[in-house]
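Dropping target.txt in here (compact mmCIF, C-alpha atoms):
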```
# COMPACT_ATOMS: atom_id res chain seq x y z
CA MET L 1 111.46 180.10 -19.70
CA ALA L 2 109.15 177.10 -19.77
CA PRO L 3 105.50 177.55 -20.82
CA THR L 4 102.97 177.41 -18.00
CA ASN L 5 99.66 175.60 -17.96
CA SER L 6 97.81 178.83 -18.67
CA ASP L 7 100.00 179.46 -21.73
CA ILE L 8 99.28 175.97 -23.09
CA TRP L 9 95.58 176.46 -22.47
CA ALA L 10 95.55 179.84 -24.24
CA GLN L 11 97.44 178.38 -27.17
CA SER L 12 94.96 175.54 -27.52
CA ILE L 13 92.08 178.05 -27.54
CA LEU L 14 93.76 179.99 -30.35
CA CYS L 15 94.24 176.75 -32.27
CA ASN L 16 90.61 175.77 -31.74
CA ASP L 17 89.45 179.22 -32.85
CA ASN L 18 91.43 178.86 -36.03
CA MET L 19 89.94 175.44 -36.58
CA ARG L 20 86.42 176.70 -35.85
CA ARG L 21 86.47 179.55 -38.26
CA ARG L 22 83.44 179.79 -40.53
CA PHE L 23 83.56 178.41 -44.02
CA SER L 24 82.89 180.71 -46.92
CA ASP L 25 79.77 180.24 -49.04
CA GLU L 26 81.90 178.88 -51.87
CA GLN L 27 83.60 176.34 -49.58
CA ILE L 28 80.23 175.17 -48.17
CA LYS L 29 78.81 174.85 -51.68
CA SER L 30 81.77 172.66 -52.76
CA LEU L 31 81.50 170.52 -49.61
CA GLU L 32 77.72 170.11 -50.13
CA ASN L 33 78.23 169.04 -53.77
CA MET L 34 80.81 166.47 -52.67
CA PHE L 35 78.46 165.22 -49.90
CA GLU L 36 75.66 164.64 -52.40
CA THR L 37 77.89 162.39 -54.49
CA GLU L 38 79.70 160.71 -51.59
CA SER L 39 78.82 161.08 -47.91
CA ARG L 40 81.91 159.15 -46.75
CA PRO L 41 84.84 160.19 -48.95
CA GLU L 42 88.19 158.44 -48.62
CA LEU L 43 91.12 160.11 -46.88
CA ARG L 44 92.86 160.99 -50.17
CA THR L 45 89.66 162.67 -51.51
CA LYS L 46 89.30 164.70 -48.29
CA GLN L 47 92.93 165.84 -48.54
CA GLN L 48 92.51 166.92 -52.18
CA LEU L 49 89.28 168.77 -51.33
CA ALA L 50 90.93 170.48 -48.34
CA LYS L 51 93.91 171.60 -50.49
CA ARG L 52 91.61 172.92 -53.25
CA LEU L 53 89.40 174.84 -50.74
CA GLY L 54 92.30 176.10 -48.61
CA LEU L 55 91.21 174.15 -45.52
CA GLN L 56 92.89 171.67 -43.20
CA PRO L 57 92.10 167.98 -43.93
CA ARG L 58 90.87 167.71 -40.33
CA GLN L 59 88.36 170.53 -40.95
CA VAL L 60 86.99 168.72 -44.01
CA ALA L 61 86.77 165.41 -42.12
CA ILE L 62 84.88 167.07 -39.22
CA TRP L 63 82.55 168.89 -41.64
CA PHE L 64 81.61 165.56 -43.31
CA GLN L 65 81.13 163.89 -39.90
CA ASN L 66 78.86 166.72 -38.71
CA LYS L 67 76.95 166.75 -41.99
CA ARG L 68 76.27 162.99 -41.73
CA ALA L 69 75.04 163.46 -38.15
CA ARG L 70 72.75 166.34 -39.17
CA SER L 71 71.43 164.34 -42.15
CA LYS L 72 70.73 161.35 -39.95
CA SER L 73 69.01 163.58 -37.42
CA LYS L 74 66.85 165.16 -40.17
CA GLN L 75 66.05 161.73 -41.57
CA LEU L 76 65.00 160.49 -38.11
CA GLU L 77 62.93 163.64 -37.63
CA LEU L 78 61.22 163.09 -40.98
CA GLU L 79 60.56 159.42 -40.21
CA TYR L 80 59.22 160.39 -36.78
CA ARG L 81 56.80 162.90 -38.35
CA MET L 82 55.64 160.29 -40.84
CA LEU L 83 55.13 157.73 -38.07
CA GLN L 84 53.30 160.33 -35.97
CA ILE L 85 50.94 161.10 -38.87
CA SER L 86 50.40 157.40 -39.46
CA TYR L 87 49.77 156.83 -35.75
CA ASP L 88 47.26 159.70 -35.60
CA ASN L 89 45.44 158.33 -38.66
CA LEU L 90 45.30 154.86 -37.14
CA GLY L 91 44.05 156.35 -33.86
CA SER L 92 41.27 158.17 -35.69
CA LYS L 93 40.32 155.03 -37.62
CA TYR L 94 40.34 153.04 -34.38
CA GLU L 95 37.97 155.50 -32.72
CA LEU L 96 35.63 155.42 -35.75
CA LEU L 97 35.67 151.61 -35.77
CA LYS L 98 35.05 151.54 -32.02
CA LYS L 99 31.99 153.80 -32.41
CA GLU L 100 30.75 151.73 -35.35
CA HIS L 101 31.22 148.55 -33.28
CA GLU L 102 29.20 150.02 -30.40
CA SER L 103 26.48 151.10 -32.83
CA LEU L 104 26.33 147.62 -34.36
CA LEU L 105 26.09 146.05 -30.88
CA ILE L 106 23.13 148.31 -30.07
CA GLN L 107 21.44 147.37 -33.37
CA LEU L 108 22.07 143.69 -32.65
CA GLN L 109 20.45 143.99 -29.22
CA ARG L 110 17.42 145.71 -30.75
CA LEU L 111 17.08 143.00 -33.39
CA ARG L 112 17.32 140.27 -30.75
CA LYS L 113 14.58 141.97 -28.70
CA LEU L 114 12.39 142.23 -31.82
CA MET L 115 12.97 138.56 -32.62
CA GLU L 116 12.09 137.55 -29.04
CA LYS L 117 8.96 139.71 -29.21
CA ASP L 118 7.97 138.14 -32.56
CA GLU L 119 8.58 134.64 -31.17
CA ASN L 120 6.44 135.41 -28.11
CA GLU L 121 3.65 136.80 -30.31
CA LYS L 122 3.83 133.73 -32.56
CA ASP L 123 3.60 131.47 -29.50
CA VAL L 124 0.55 133.40 -28.25
CA ILE L 125 -1.13 133.25 -31.68
CA LYS L 126 -0.29 129.56 -31.99
CA SER L 127 -1.69 128.78 -28.55
CA GLU L 128 -4.84 130.78 -29.35
CA THR L 129 -5.43 129.00 -32.65
CA GLU L 130 -4.45 125.52 -31.50
CA VAL L 131 -7.32 123.08 -31.23
CA LYS L 132 -7.27 121.53 -27.79
CA GLN L 133 -7.60 117.79 -27.67
CA ASP L 134 -8.75 115.34 -25.05
CA ASP L 135 -6.81 112.31 -23.85
CA PHE L 136 -7.92 110.35 -26.93
CA GLY L 137 -6.77 113.00 -29.44
CA LEU L 138 -10.31 114.25 -30.11
CA PRO L 139 -10.84 117.99 -30.33
CA LEU L 140 -12.37 119.64 -27.28
CA CYS L 141 -15.33 121.92 -27.87
CA GLU L 142 -15.43 125.06 -25.83
CA ASP L 143 -17.91 127.89 -25.84
CA SER L 144 -17.61 131.43 -24.60
CA ARG L 145 -18.73 130.37 -21.12
CA GLY L 146 -15.76 128.09 -20.78
CA ILE L 147 -17.86 124.91 -20.67
CA ASP L 148 -16.00 121.86 -21.86
CA TYR L 149 -18.61 119.63 -23.45
CA LEU L 150 -16.45 116.68 -24.25
CA GLY L 151 -13.65 117.37 -21.83
CA PRO L 152 -11.98 114.74 -19.66
CA GLU L 153 -14.11 115.79 -16.66
CA SER L 154 -17.25 114.54 -18.42
CA ASP L 155 -17.87 111.05 -17.23
CA ILE L 156 -20.44 108.36 -17.86
CA LEU L 157 -22.73 109.53 -15.08
CA ASP L 158 -23.02 113.00 -16.59
CA MET L 159 -23.91 111.45 -19.94
CA ALA L 160 -26.53 109.25 -18.29
CA GLN L 161 -28.10 112.25 -16.63
CA ILE L 162 -28.21 114.08 -19.96
CA ALA L 163 -29.87 111.09 -21.60
CA ASP L 164 -32.48 110.93 -18.85
CA GLY L 165 -33.13 114.64 -19.26
CA LEU L 166 -33.65 114.23 -23.02
CA SER L 167 -36.18 111.47 -22.56
CA GLU L 168 -38.18 113.70 -20.25
CA ILE L 169 -38.11 116.48 -22.83
CA GLU L 170 -39.15 114.11 -25.66
CA ASN L 171 -42.32 113.26 -23.85
CA GLY L 172 -43.42 116.89 -24.05
CA TYR L 173 -42.96 117.20 -27.81
CA ASN L 174 -44.92 115.95 -30.77
CA PHE L 175 -42.71 114.00 -33.20
CA GLU L 176 -45.48 113.09 -35.57
CA SER L 177 -45.75 116.52 -37.05
CA ARG L 178 -43.36 117.94 -39.57
CA THR L 179 -41.63 119.93 -36.89
CA PHE L 180 -38.89 118.62 -34.73
CA LEU L 181 -38.85 119.64 -31.10
CA HIS L 182 -41.97 121.70 -31.59
CA ASP L 183 -43.18 123.09 -28.30
CA ASN L 184 -46.68 124.59 -28.34
CA THR L 185 -45.83 126.93 -25.54
CA ALA L 186 -42.32 128.09 -26.48
CA CYS L 187 -42.02 128.00 -30.26
CA THR L 188 -44.62 128.27 -33.05
CA SER L 189 -42.31 127.81 -36.07
CA PRO L 190 -40.48 124.66 -37.00
CA LEU L 191 -36.74 124.49 -36.22
CA TRP L 192 -35.88 121.89 -38.82
CA GLU L 193 -37.94 120.80 -41.69
CA PHE L 194 -37.69 117.40 -43.27
```

Now, as a test, write the supplied structure out as structure tokens.
Amino acid sequence: MAPTNSDIWAQSILCNDNMRRRFSDEQIKSLENMFETESRPELRTKQQLAKRLGLQPRQVAIWFQNKRARSKSKQLELEYRMLQISYDNLGSKYELLKKEHESLLIQLQRLRKLMEKDENEKDVIKSETEVKQDDFGLPLCEDSRGIDYLGPESDILDMAQIADGLSEIENGYNFESRTFLHDNTACTSPLWEF
């Protein structure tokens, strides 16, 4: 009688179960030792190892293939963790630098404001201490009443009026005495003595 599809399928399961049987601790230890020395052994080495351990050469080949895949996966996992730690450290440093940058910008703004304030105060002090000059470069005399004695608004007519006023005042004073501008009614002591 010819085998049916279900018989073939059942037979392949039995074969796979035999192939998938667990290795003993001693077999795994020998395979691990071989893997440490050579992760990709040649076909002849795999056959000798399989014969010595009582395994099929295919089982040994699959074990090495799986072990390489697991090792690569562990290596990638380890590298990923290292990169993650490095990334987290860089992120923390970036945040610290960002805060420091913001702090420095605030300090810079404060310093600029202080410099502007100092410049404004210097300009005010300079303008207060500057001697004002007329059109001819002569200093202008000002008193607390804001009268400009030699300012540009003084003209020849004003000077003539002042001169006329002085001559009227001179007539009321005695210049022969030792006092200058001595007025009998207003002042009894000399202002200047010669």

Quiz item: What is the CA of Phe23 (chain L) to CA of Leu78 (chain L) distance in Å?
Solution: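 A separation of 27.3 Å between them.
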
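Coordinates place CA of Leu55 (chain L) at a distance of 13.4 Å from CA of Asp25 (chain L).
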
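Here CA of Lys67 (chain L) and CA of Arg52 (chain L) stand 19.5 Å from one another.
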
Report, as JSON, the centre and edge lengths in Å (one decimal) of the axis-aligned box enclosing every listed atom of region 35-38 of chain L, padded by 8 Å on each side.
```
{"center_x": 77.7, "center_y": 163.0, "center_z": -52.2, "size_x": 20.0, "size_y": 20.5, "size_z": 20.6}
```

Quiz item: For the point (97.3, 164.5, -43.8) in file coordinates, what residues are within 10 Å, counting only C-alpha atoms? Give the answer as a ChimeraX atom specification?
Solution: /L:43-44,46-48,50,56-58
